[in-house]
file entry-v3.csv (CSV, C-alpha atoms)
chain,number,residue,atom,x,y,z
A,1,MET,CA,0.0,0.0,0.0
A,2,LEU,CA,1.4,3.4,-1.0
A,3,ARG,CA,2.0,5.8,1.9
A,4,SER,CA,2.7,9.5,1.4
A,5,ALA,CA,3.2,12.2,3.8
A,6,ALA,CA,0.8,15.1,3.3
A,7,VAL,CA,2.6,18.1,4.6
A,8,GLY,CA,0.8,20.7,6.8
A,9,ALA,CA,-0.3,24.1,5.4
A,10,HIS,CA,2.1,27.0,5.3
A,11,GLY,CA,0.7,28.6,8.4
A,12,ARG,CA,2.7,26.0,10.3
A,13,GLY,CA,-0.2,25.5,12.7
A,14,LEU,CA,-1.8,22.5,11.0
A,15,SER,CA,-1.0,18.9,11.8
A,16,VAL,CA,0.9,16.5,9.5
A,17,ARG,CA,-1.0,13.4,8.5
A,18,LEU,CA,0.1,10.2,6.9
A,19,LEU,CA,-2.1,9.4,4.0
A,20,THR,CA,-2.7,5.9,2.5
A,21,TRP,CA,-5.0,5.2,-0.4
A,22,GLY,CA,-8.3,4.7,1.3
A,23,LEU,CA,-6.8,5.1,4.8
A,24,MET,CA,-5.7,8.1,6.8
A,25,LEU,CA,-3.5,7.8,9.9
A,26,LEU,CA,-2.2,10.5,12.2
A,27,PHE,CA,1.5,10.8,11.6
A,28,SER,CA,3.6,11.5,14.7
A,29,ILE,CA,6.6,13.7,14.1
A,30,LEU,CA,9.6,11.7,15.3
A,31,SER,CA,12.8,13.7,16.2
A,32,SER,CA,14.7,10.4,15.6
A,33,SER,CA,13.5,10.2,11.9
A,34,VAL,CA,16.8,11.6,10.7
A,35,GLY,CA,19.8,9.7,12.1
A,36,ALA,CA,23.0,8.1,11.3
A,37,GLN,CA,21.6,4.7,10.0
A,38,ALA,CA,23.0,3.7,6.6
A,39,PRO,CA,20.5,4.2,3.9
A,40,LEU,CA,19.0,1.4,1.8
A,41,SER,CA,20.5,1.0,-1.7
A,42,SER,CA,19.9,-1.1,-4.9
A,43,PRO,CA,21.9,-1.5,-8.1
A,44,PHE,CA,18.6,-1.6,-10.1
A,45,ASP,CA,17.3,1.9,-9.3
A,46,ASP,CA,18.5,3.3,-12.6
A,47,LEU,CA,16.2,0.8,-14.4
A,48,ILE,CA,13.1,1.3,-12.3
A,49,PRO,CA,12.0,4.6,-13.9
A,50,ASP,CA,12.0,3.0,-17.4
A,51,LEU,CA,10.1,0.0,-16.0
A,52,ALA,CA,7.5,2.4,-14.4
A,53,ALA,CA,7.0,4.2,-17.7
A,54,LYS,CA,6.3,0.9,-19.5
A,55,VAL,CA,3.9,-0.3,-16.8
A,56,THR,CA,2.0,3.0,-17.0
A,57,SER,CA,1.7,2.9,-20.8
A,58,ALA,CA,0.0,-0.5,-20.5
A,59,LEU,CA,-2.7,0.8,-18.1
A,60,SER,CA,-5.4,3.4,-18.3
A,61,ALA,CA,-4.8,6.7,-16.8
A,62,GLY,CA,-5.6,6.9,-13.1
A,63,ALA,CA,-6.2,3.1,-12.8
A,64,GLN,CA,-6.2,1.4,-9.4
A,65,VAL,CA,-3.6,-1.4,-9.2
A,66,SER,CA,-2.0,-3.7,-6.7
A,67,LEU,CA,1.8,-4.0,-6.6
A,68,THR,CA,3.9,-6.9,-5.3
A,69,ALA,CA,7.7,-7.3,-5.4
A,70,GLN,CA,9.2,-10.8,-5.8
A,71,PRO,CA,11.2,-11.9,-2.8
A,72,SER,CA,15.0,-11.5,-2.9
A,73,ALA,CA,17.9,-12.8,-1.0
A,74,ASP,CA,18.7,-9.1,-0.2
A,75,ARG,CA,15.7,-7.9,1.8
A,76,GLU,CA,16.8,-4.3,1.8
A,77,GLU,CA,17.4,-4.4,-2.0
A,78,ALA,CA,13.8,-5.7,-2.6
A,79,GLN,CA,12.4,-3.1,-0.3
A,80,ALA,CA,14.2,-0.3,-2.1
A,81,ILE,CA,13.0,-1.6,-5.5
A,82,ARG,CA,9.3,-1.7,-4.3
A,83,THR,CA,9.5,1.7,-2.7
A,84,GLN,CA,10.9,3.4,-5.8
A,85,MET,CA,8.4,1.6,-8.1
A,86,THR,CA,5.5,2.5,-5.9
A,87,THR,CA,6.4,6.2,-5.8
A,88,LEU,CA,7.0,6.5,-9.5
A,89,LEU,CA,3.7,4.8,-10.4
A,90,ALA,CA,1.8,7.1,-8.1
A,91,ALA,CA,3.6,10.1,-9.6
A,92,ARG,CA,2.3,9.0,-13.0
A,93,GLY,CA,-1.3,8.9,-11.8
A,94,LEU,CA,-1.8,5.3,-10.8
A,95,ARG,CA,-3.4,4.5,-7.4
A,96,ILE,CA,-1.7,1.7,-5.5
A,97,ILE,CA,-4.1,-0.2,-3.3
A,98,ASP,CA,-4.3,-3.7,-1.7
A,99,ALA,CA,-5.0,-6.6,-4.0
A,100,THR,CA,-8.7,-6.7,-4.9
A,101,ALA,CA,-10.5,-8.9,-7.4
A,102,GLY,CA,-11.1,-7.1,-10.7
A,103,ILE,CA,-8.2,-4.6,-10.5
A,104,PRO,CA,-4.9,-4.9,-12.4
A,105,ALA,CA,-2.2,-6.7,-10.5
A,106,ILE,CA,1.5,-5.8,-11.1
A,107,ALA,CA,4.3,-8.1,-9.9
A,108,ILE,CA,7.9,-6.8,-10.2
A,109,GLY,CA,11.3,-8.4,-9.8
A,110,CYS,CA,14.9,-7.7,-10.6
A,111,GLY,CA,17.9,-10.0,-11.1
A,112,ARG,CA,21.4,-10.3,-12.6
A,113,ASN,CA,23.3,-12.6,-14.9
A,114,LEU,CA,27.0,-12.5,-15.8
A,115,ARG,CA,26.6,-9.4,-18.1
A,116,GLU,CA,23.2,-7.8,-17.4
A,117,ARG,CA,20.9,-6.5,-14.8
A,118,VAL,CA,17.2,-7.1,-15.6
A,119,CYS,CA,14.0,-5.8,-14.1
A,120,ALA,CA,10.6,-7.2,-15.2
A,121,ALA,CA,6.9,-6.5,-14.5
A,122,GLU,CA,4.1,-8.9,-15.0
A,123,ILE,CA,0.9,-7.0,-15.6
A,124,ARG,CA,-2.3,-8.9,-15.2
A,125,THR,CA,-5.5,-7.1,-16.2
A,126,ASP,CA,-8.8,-8.1,-17.8
A,127,GLY,CA,-7.8,-11.8,-18.1
A,128,ARG,CA,-4.6,-10.8,-20.0
A,129,THR,CA,-1.0,-10.9,-18.9
A,130,GLN,CA,1.7,-8.5,-20.3
A,131,ILE,CA,5.4,-8.6,-19.5
A,132,ALA,CA,7.5,-5.5,-19.5
A,133,THR,CA,11.3,-5.7,-19.1
A,134,VAL,CA,14.2,-3.3,-19.0
A,135,THR,CA,17.9,-4.2,-19.0
A,136,GLY,CA,21.2,-2.5,-18.2
A,137,ARG,CA,24.8,-3.5,-18.3
A,138,ARG,CA,26.3,-5.0,-15.2
A,139,THR,CA,29.3,-2.7,-14.5
A,140,SER,CA,31.5,-2.1,-11.6
A,141,SER,CA,29.9,1.3,-11.1
A,142,THR,CA,26.4,-0.1,-10.6
A,143,GLU,CA,27.7,-2.8,-8.2
A,144,ALA,CA,29.5,-0.1,-6.2
A,145,SER,CA,26.5,2.2,-6.2
A,146,ARG,CA,26.1,1.7,-2.4
A,147,LYS,CA,29.2,3.9,-1.9
A,148,THR,CA,27.9,6.9,-3.8
A,149,VAL,CA,27.5,10.2,-1.9
A,150,PRO,CA,24.4,12.1,-3.0
A,151,ALA,CA,24.0,15.9,-2.9
A,152,LEU,CA,21.5,18.4,-4.0
A,153,GLU,CA,22.6,20.8,-6.8
A,154,LEU,CA,20.9,24.1,-7.6
A,155,ARG,CA,21.1,25.5,-11.1
A,156,PRO,CA,19.8,29.1,-11.6
A,157,LEU,CA,17.1,29.5,-14.1
A,158,LEU,CA,15.6,33.0,-13.9
A,159,SER,CA,15.3,36.0,-11.5
A,160,GLN,CA,12.6,38.7,-11.6
A,161,GLN,CA,10.7,41.0,-9.4
A,162,LEU,CA,7.3,39.5,-10.1
A,163,GLN,CA,6.5,36.4,-8.1
A,164,ILE,CA,7.4,33.1,-9.9
A,165,LEU,CA,5.0,30.2,-9.3
A,166,ASP,CA,6.6,27.5,-11.4
A,167,ALA,CA,8.9,26.9,-14.4
A,168,ALA,CA,9.7,24.2,-16.9
A,169,VAL,CA,12.8,23.7,-19.1
A,170,ILE,CA,11.9,22.5,-22.6
A,171,GLY,CA,15.0,21.9,-24.6
A,172,ASN,CA,16.7,25.3,-25.1
A,173,ARG,CA,13.5,27.1,-24.0
A,174,LEU,CA,12.0,28.0,-20.6
A,175,LEU,CA,8.4,28.3,-19.6
A,176,VAL,CA,7.7,30.5,-16.6
A,177,LEU,CA,4.4,30.8,-14.7
A,178,ASP,CA,4.2,33.9,-12.5
A,179,VAL,CA,1.3,35.7,-10.9
A,180,ALA,CA,0.6,37.7,-14.1
A,181,ALA,CA,1.4,35.6,-17.1
A,182,ILE,CA,2.8,32.5,-18.7
A,183,THR,CA,6.0,33.4,-20.5
A,184,LEU,CA,8.2,31.6,-23.0
A,185,PHE,CA,11.9,32.3,-22.9
A,186,GLU,CA,14.7,31.3,-25.3
A,187,ARG,CA,18.4,31.1,-24.5
A,188,LYS,CA,20.5,33.6,-26.5
A,189,ASP,CA,24.0,34.7,-25.8
A,190,GLY,CA,23.9,32.8,-22.5
A,191,GLU,CA,20.8,34.6,-21.3
A,192,TRP,CA,17.1,33.9,-21.3
A,193,ARG,CA,15.2,36.3,-23.6
A,194,ILE,CA,11.5,36.6,-23.8
A,195,VAL,CA,10.0,35.1,-26.9
A,196,GLN,CA,6.3,35.5,-26.1
A,197,SER,CA,4.1,36.1,-23.1
A,198,HIS,CA,0.4,35.5,-22.5
A,199,PRO,CA,-1.5,37.1,-19.5
A,200,LEU,CA,-3.4,34.9,-17.2
A,201,PRO,CA,-7.2,35.5,-17.4
A,202,MET,CA,-7.6,35.6,-13.6
A,203,SER,CA,-11.2,36.5,-12.7
A,204,ARG,CA,-10.6,36.4,-8.9
A,205,PRO,CA,-7.9,38.0,-6.7
A,206,TRP,CA,-4.9,35.8,-5.7
A,207,PRO,CA,-4.9,34.4,-2.2
A,208,ARG,CA,-2.4,35.9,0.2
A,209,ASP,CA,0.1,33.1,-0.6
A,210,PRO,CA,-0.2,32.6,-4.4
A,211,ARG,CA,0.3,29.1,-5.7
A,212,GLY,CA,0.4,27.8,-9.3
A,213,ARG,CA,1.6,24.6,-11.0
A,214,LEU,CA,3.0,24.2,-14.5
A,215,ARG,CA,3.3,20.7,-16.2
A,216,ALA,CA,4.9,20.6,-19.6
A,217,SER,CA,5.1,17.6,-22.0
A,218,GLY,CA,6.2,17.9,-25.6
A,219,ASN,CA,4.3,20.7,-27.3
A,220,ARG,CA,1.7,20.9,-24.6
A,221,PHE,CA,1.4,22.3,-21.1
A,222,ASP,CA,-1.1,22.5,-18.3
A,223,LEU,CA,-1.6,25.2,-15.7
A,224,PHE,CA,-3.1,24.6,-12.3
A,225,LEU,CA,-4.3,27.8,-10.6
A,226,PRO,CA,-6.7,28.7,-7.8
A,227,ALA,CA,-10.2,27.9,-9.1
A,228,MET,CA,-8.9,27.6,-12.7
A,229,THR,CA,-7.1,25.2,-15.0
A,230,CYS,CA,-5.5,26.0,-18.4
A,231,THR,CA,-4.1,24.0,-21.3
A,232,GLY,CA,-1.9,25.4,-24.0
A,233,ARG,CA,1.1,25.0,-26.2
A,234,PRO,CA,4.4,26.9,-26.3
A,235,ASP,CA,4.9,27.1,-30.1
A,236,PRO,CA,3.1,29.4,-30.7
A,237,LEU,CA,2.3,30.4,-27.2
A,238,GLU,CA,-1.4,30.1,-26.5
A,239,ILE,CA,-3.6,29.0,-23.6
A,240,SER,CA,-7.3,28.1,-23.0
A,241,CYS,CA,-8.6,28.3,-19.4
A,242,THR,CA,-11.6,26.9,-17.6
A,243,ASP,CA,-13.0,28.1,-14.3
A,244,GLY,CA,-13.5,25.5,-11.6
A,245,GLN,CA,-11.6,23.6,-8.8
A,246,GLN,CA,-9.6,20.6,-10.2
A,247,PRO,CA,-7.2,18.1,-8.7
A,248,TRP,CA,-3.5,19.1,-8.9
A,249,PRO,CA,-0.8,16.6,-9.9
A,250,ILE,CA,1.1,16.3,-6.6
A,251,GLY,CA,1.1,12.5,-6.1
A,252,VAL,CA,-1.8,12.5,-3.5
A,253,ASP,CA,-5.5,12.6,-4.2
A,254,ASN,CA,-6.8,16.1,-3.7
A,255,ARG,CA,-9.6,18.4,-4.9
A,256,GLY,CA,-7.4,21.3,-5.9
A,257,LEU,CA,-6.6,24.3,-3.9
A,258,GLU,CA,-9.3,25.3,-1.5
A,259,PRO,CA,-11.1,28.5,-2.7
A,260,GLY,CA,-9.3,31.5,-1.4
A,261,ARG,CA,-6.7,29.4,0.4
A,262,ASN,CA,-3.2,28.1,-0.2
A,263,TYR,CA,-3.7,24.4,0.8
A,264,PHE,CA,-5.4,21.3,-0.5
A,265,LYS,CA,-7.9,18.8,1.0
A,266,SER,CA,-7.9,15.1,0.4
A,267,SER,CA,-11.1,13.2,-0.5
A,268,GLU,CA,-11.3,12.4,3.3
A,269,GLY,CA,-11.1,16.1,4.2
A,270,THR,CA,-7.5,16.2,5.4
A,271,VAL,CA,-5.9,19.6,5.0
A,272,PHE,CA,-2.3,19.6,3.6
A,273,TYR,CA,0.2,21.8,1.7
A,274,ASN,CA,2.3,19.4,-0.3
A,275,ALA,CA,3.1,15.7,-0.4
A,276,ALA,CA,6.2,13.5,-0.3
A,277,PRO,CA,6.8,9.8,0.2
A,278,LEU,CA,6.9,8.1,3.6
A,279,GLY,CA,7.0,10.6,6.4
A,280,ALA,CA,8.5,14.0,5.5
A,281,ALA,CA,8.1,15.1,9.1
A,282,GLY,CA,6.9,18.6,9.9
A,283,ASN,CA,8.3,20.5,7.0
A,284,ASP,CA,6.0,22.9,5.1
A,285,ASP,CA,7.2,21.7,1.7
A,286,ALA,CA,8.6,18.3,0.8
A,287,ILE,CA,8.9,16.3,-2.5
A,288,GLY,CA,10.2,12.9,-3.7
A,289,LEU,CA,13.3,12.7,-5.9
A,290,THR,CA,15.2,10.0,-7.6
A,291,ALA,CA,18.5,9.8,-9.4
A,292,PRO,CA,20.3,7.1,-11.5
A,293,CYS,CA,23.5,7.7,-9.6
A,294,ALA,CA,21.9,7.4,-6.1
A,295,PRO,CA,19.7,4.3,-5.8
A,296,GLY,CA,16.6,4.6,-3.7
A,297,MET,CA,13.9,7.2,-3.1
A,298,TYR,CA,14.9,10.6,-1.6
A,299,VAL,CA,12.9,13.4,0.0
A,300,ALA,CA,13.9,17.0,-0.4
A,301,ALA,CA,12.3,19.2,2.3
A,302,VAL,CA,12.6,22.8,3.3
A,303,SER,CA,13.6,23.8,6.8
A,304,PRO,CA,12.4,27.4,7.5
A,305,ALA,CA,15.1,29.8,8.7
A,306,GLY,CA,12.7,31.6,11.0
A,307,ARG,CA,13.4,35.1,9.7
A,308,LEU,CA,12.2,36.7,6.5
A,309,ASP,CA,15.7,38.2,5.8
A,310,SER,CA,17.4,34.8,6.1
A,311,GLY,CA,17.5,32.0,3.6
A,312,ASP,CA,15.8,28.7,4.2
A,313,LEU,CA,17.6,25.3,4.1
A,314,LEU,CA,16.8,22.6,1.6
A,315,GLN,CA,17.6,19.2,3.1
A,316,LEU,CA,18.0,15.8,1.4
A,317,SER,CA,17.0,12.6,3.1
A,318,ARG,CA,16.7,9.0,2.0
A,319,VAL,CA,13.7,6.8,2.6
A,320,ALA,CA,15.1,3.8,4.6
A,321,ASP,CA,12.9,1.2,6.1
A,322,GLY,CA,10.0,3.6,6.6
A,323,ARG,CA,12.2,6.3,8.1
A,324,LEU,CA,14.0,9.4,6.8
A,325,VAL,CA,17.8,9.2,7.0
A,326,GLN,CA,19.9,12.3,6.4
A,327,ALA,CA,21.7,11.8,3.0
A,328,ALA,CA,23.6,15.0,2.5
A,329,SER,CA,24.4,18.4,4.1
A,330,PRO,CA,21.6,21.0,3.8
A,331,VAL,CA,21.8,23.5,0.9
A,332,SER,CA,21.4,27.1,2.0
A,333,LEU,CA,18.8,28.9,-0.2
A,334,PRO,CA,19.2,32.6,-1.2
A,335,GLY,CA,15.9,33.5,0.3
A,336,VAL,CA,12.6,32.2,1.7
A,337,LEU,CA,11.3,29.3,-0.3
A,338,THR,CA,7.9,30.0,-2.0
A,339,ALA,CA,7.6,27.0,-4.3
A,340,LEU,CA,8.9,23.5,-4.5
A,341,TRP,CA,7.6,21.3,-7.3
A,342,ALA,CA,8.9,17.9,-8.5
A,343,GLN,CA,8.8,17.2,-12.2
A,344,SER,CA,6.7,14.2,-13.3
A,345,ASP,CA,9.7,11.8,-13.6
A,346,GLN,CA,11.0,13.0,-10.2
A,347,THR,CA,14.5,13.3,-11.4
A,348,SER,CA,14.5,17.1,-10.9
A,349,ALA,CA,12.5,19.8,-9.2
A,350,VAL,CA,11.8,23.5,-9.5
A,351,VAL,CA,12.7,25.6,-6.4
A,352,VAL,CA,11.5,29.3,-6.1
A,353,THR,CA,12.8,31.6,-3.4
A,354,HIS,CA,12.1,35.2,-2.4
A,355,ASP,CA,15.0,37.5,-1.6
A,356,VAL,CA,13.1,39.9,0.7
A,357,ARG,CA,15.9,42.5,0.9
A,358,ALA,CA,16.5,42.6,-2.9
A,359,GLY,CA,12.8,42.3,-3.7
A,360,ARG,CA,13.5,39.5,-6.2
A,361,TYR,CA,12.2,36.0,-6.9
A,362,ASP,CA,14.7,33.4,-8.1
A,363,ALA,CA,13.9,30.1,-9.8
A,364,PHE,CA,16.3,27.2,-9.7
A,365,GLN,CA,16.3,23.6,-11.0
A,366,THR,CA,17.5,21.1,-8.4
A,367,THR,CA,18.8,17.6,-9.1
A,368,ILE,CA,20.7,14.9,-7.1
A,369,SER,CA,24.3,14.6,-8.0
A,370,CYS,CA,26.7,11.9,-6.7
A,371,SER,CA,30.4,11.6,-5.9
A,372,ARG,CA,32.5,8.7,-4.6
call {"tool": "encode", "arguments": {"input": "entry-v3.csv", "output": "structure tokens"}}
result
Amino acid sequence: MLRSAAVGAHGRGLSVRLLTWGLMLLFSILSSSVGAQAPLSSPFDDLIPDLAAKVTSALSAGAQVSLTAQPSADREEAQAIRTQMTTLLAARGLRIIDATAGIPAIAIGCGRNLRERVCAAEIRTDGRTQIATVTGRRTSSTEASRKTVPALELRPLLSQQLQILDAAVIGNRLLVLDVAAITLFERKDGEWRIVQSHPLPMSRPWPRDPRGRLRASGNRFDLFLPAMTCTGRPDPLEISCTDGQQPWPIGVDNRGLEPGRNYFKSSEGTVFYNAAPLGAAGNDDAIGLTAPCAPGMYVAAVSPAGRLDSGDLLQLSRVADGRLVQAASPVSLPGVLTALWAQSDQTSAVVVTHDVRAGRYDAFQTTISCSR
């Protein structure tokens, strides 16, 4: 059963709850959740994203499925494989629930021979069985992956005075959603130059803490705004919007931003601000991340500085046996974090900060890098 931590609203006065599909449990904040325990690892985690993509393509969007992992001699390895697969399938819109008659069943397993590593998924649905497989070379680097040291890297994207809500890199172009418009940039002479901009048809005032989500895929993008959703394409830039509260793509069931508020509600009525896998503690913002160089599932979460003129800290932890284990030194942000959105494949995320003194918003792309 998939478990995700739904993180309390930005007012920092709301409780953190642990959501499961169809079940909600109160999540106790444990001060010991970040410790010195060695994290789980698996030499197959670079294969799991491709396997998740193949499984998703074989099922209908938003389908409810059960997921089992074949037993392995290495218990921690099998657990890491299932954790990553579960999170990636949920990020792609599938709902992982307990095995029930009539729903698709997915069984996954990974193994090695003398030259290759192989991961396979058996997908049973509507009386049919499909097999999806991915392979990768068995090299010394994959076998030594347990020794990698992950770290968060920030790559600057754009700075401006108007509040940035989200951004997406599309090849050599950049789409930026702010509180006034959706804007397409193109890199020229080492700088982002505006190609086209389209104002947002907002019919209501923004809440005090504006939030917006941008999801881009190919020559299409979707905007998720308070009480409004939009679809469009970047070339040429155009959008079409519809009023109404719609679910946002954040990995947990929700009904969209509550009218006039900056938080979500689950179908059970739980209030939360963002979501990340398996217990992101009491942080206001937390997301799940993966990286081929760092096996396993990671959580990037913000630690508030406590003062508006100080930068927040972005911390990287690893999901290990249902707990969060510190994976790297925190990254000091150049301001107060205002947005943290993972991309759909969870290999990168957009970070937006507000430099109060400079009156500037900065957008970054963050990824996990590794050294040995």
call {"tool": "closest_residue", "arguments": {"input": "entry-v3.csv", "among": "A:Arg112, A:His354, A:Arg95, A:Arg82", "to": "Pro43 in chain A", "atoms": "only C-alpha atoms"}}
result
A:Arg112
call {"tool": "residues_around", "arguments": {"input": "entry-v3.csv", "residues": "Pro247 in chain A", "least_positions_apart": "6", "cutoff": "10 Å", "atoms": "all atoms listed in the file", "output": "number ranges by chain"}}
result
A: 224, 229, 253-257, 264-266
call {"tool": "residues_near_point", "arguments": {"input": "entry-v3.csv", "point": "(-0.7, 37.1, -6.6)", "cutoff": "8 Å", "atoms": "all atoms listed in the file", "output": "PyMOL selection string"}}
result
chain A and resi 163+179-180+205-210
call {"tool": "atom_distance", "arguments": {"input": "entry-v3.csv", "atom1": "CA of Gly260 in chain A", "atom2": "CA of Gln160 in chain A"}}
result
25.2 Å
call {"tool": "atom_distance", "arguments": {"input": "entry-v3.csv", "atom1": "CA of Pro226 in chain A", "atom2": "CA of Cys241 in chain A"}}
result
11.8 Å
call {"tool": "residues_around", "arguments": {"input": "entry-v3.csv", "residues": "Gln196 in chain A", "least_positions_apart": "4", "cutoff": "10 Å", "atoms": "all atoms listed in the file", "output": "CSV table (one decimal) with C-alpha atoms, keeping the file's coordinate frame"}}
result
chain,number,residue,atom,x,y,z
A,175,LEU,CA,8.4,28.3,-19.6
A,182,ILE,CA,2.8,32.5,-18.7
A,183,THR,CA,6.0,33.4,-20.5
A,184,LEU,CA,8.2,31.6,-23.0
A,185,PHE,CA,11.9,32.3,-22.9
A,186,GLU,CA,14.7,31.3,-25.3
A,234,PRO,CA,4.4,26.9,-26.3
A,235,ASP,CA,4.9,27.1,-30.1
A,236,PRO,CA,3.1,29.4,-30.7
A,237,LEU,CA,2.3,30.4,-27.2
A,238,GLU,CA,-1.4,30.1,-26.5
call {"tool": "atom_distance", "arguments": {"input": "entry-v3.csv", "atom1": "CA of Pro304 in chain A", "atom2": "CA of Thr338 in chain A"}}
result
10.8 Å
call {"tool": "residues_near_point", "arguments": {"input": "entry-v3.csv", "point": "(7.5, 25.1, -3.9)", "cutoff": "8 Å", "atoms": "all atoms listed in the file", "output": "list in words"}}
result
Leu165, Asp166, Asp285, Leu337, Thr338, Ala339, Leu340, Trp341, Val350, Val351 and Val352 of chain A
call {"tool": "residues_around", "arguments": {"input": "entry-v3.csv", "residues": "Ile123 in chain A", "least_positions_apart": "4", "cutoff": "10 Å", "atoms": "all atoms listed in the file", "output": "VMD selection string"}}
result
chain A and resid 55 58 to 59 65 to 67 104 to 108 128 to 132
call {"tool": "residues_around", "arguments": {"input": "entry-v3.csv", "residues": "Leu114 in chain A", "least_positions_apart": "3", "cutoff": "12 Å", "atoms": "all atoms listed in the file", "output": "count of residues only"}}
result
7
call {"tool": "closest_residue", "arguments": {"input": "entry-v3.csv", "among": "A:Gln365, A:Ile97, A:Glu77, A:Thr347", "to": "Cys293 in chain A", "atoms": "all atoms listed in the file"}}
result
A:Thr347
call {"tool": "residues_around", "arguments": {"input": "entry-v3.csv", "residues": "Leu316 in chain A", "least_positions_apart": "2", "cutoff": "7 Å", "atoms": "only C-alpha atoms", "output": "mmCIF file with C-alpha atoms, keeping the file's coordinate frame"}}
result
data_model
loop_
_atom_site.group_PDB
_atom_site.id
_atom_site.type_symbol
_atom_site.label_atom_id
_atom_site.label_comp_id
_atom_site.auth_asym_id
_atom_site.auth_seq_id
_atom_site.Cartn_x
_atom_site.Cartn_y
_atom_site.Cartn_z
ATOM 1 C CA LEU A 152 21.500 18.400 -4.000
ATOM 2 C CA TYR A 298 14.900 10.600 -1.600
ATOM 3 C CA VAL A 299 12.900 13.400 0.000
ATOM 4 C CA ALA A 300 13.900 17.000 -0.400
ATOM 5 C CA ALA A 301 12.300 19.200 2.300
ATOM 6 C CA LEU A 314 16.800 22.600 1.600
ATOM 7 C CA ARG A 318 16.700 9.000 2.000
ATOM 8 C CA GLN A 326 19.900 12.300 6.400
ATOM 9 C CA ALA A 327 21.700 11.800 3.000
ATOM 10 C CA ALA A 328 23.600 15.000 2.500
ATOM 11 C CA PRO A 330 21.600 21.000 3.800
#
call {"tool": "closest_residue", "arguments": {"input": "entry-v3.csv", "among": "A:Gln245, A:Gln70, A:Gln315, A:Thr86", "to": "Thr56 in chain A", "atoms": "all atoms listed in the file"}}
result
A:Thr86
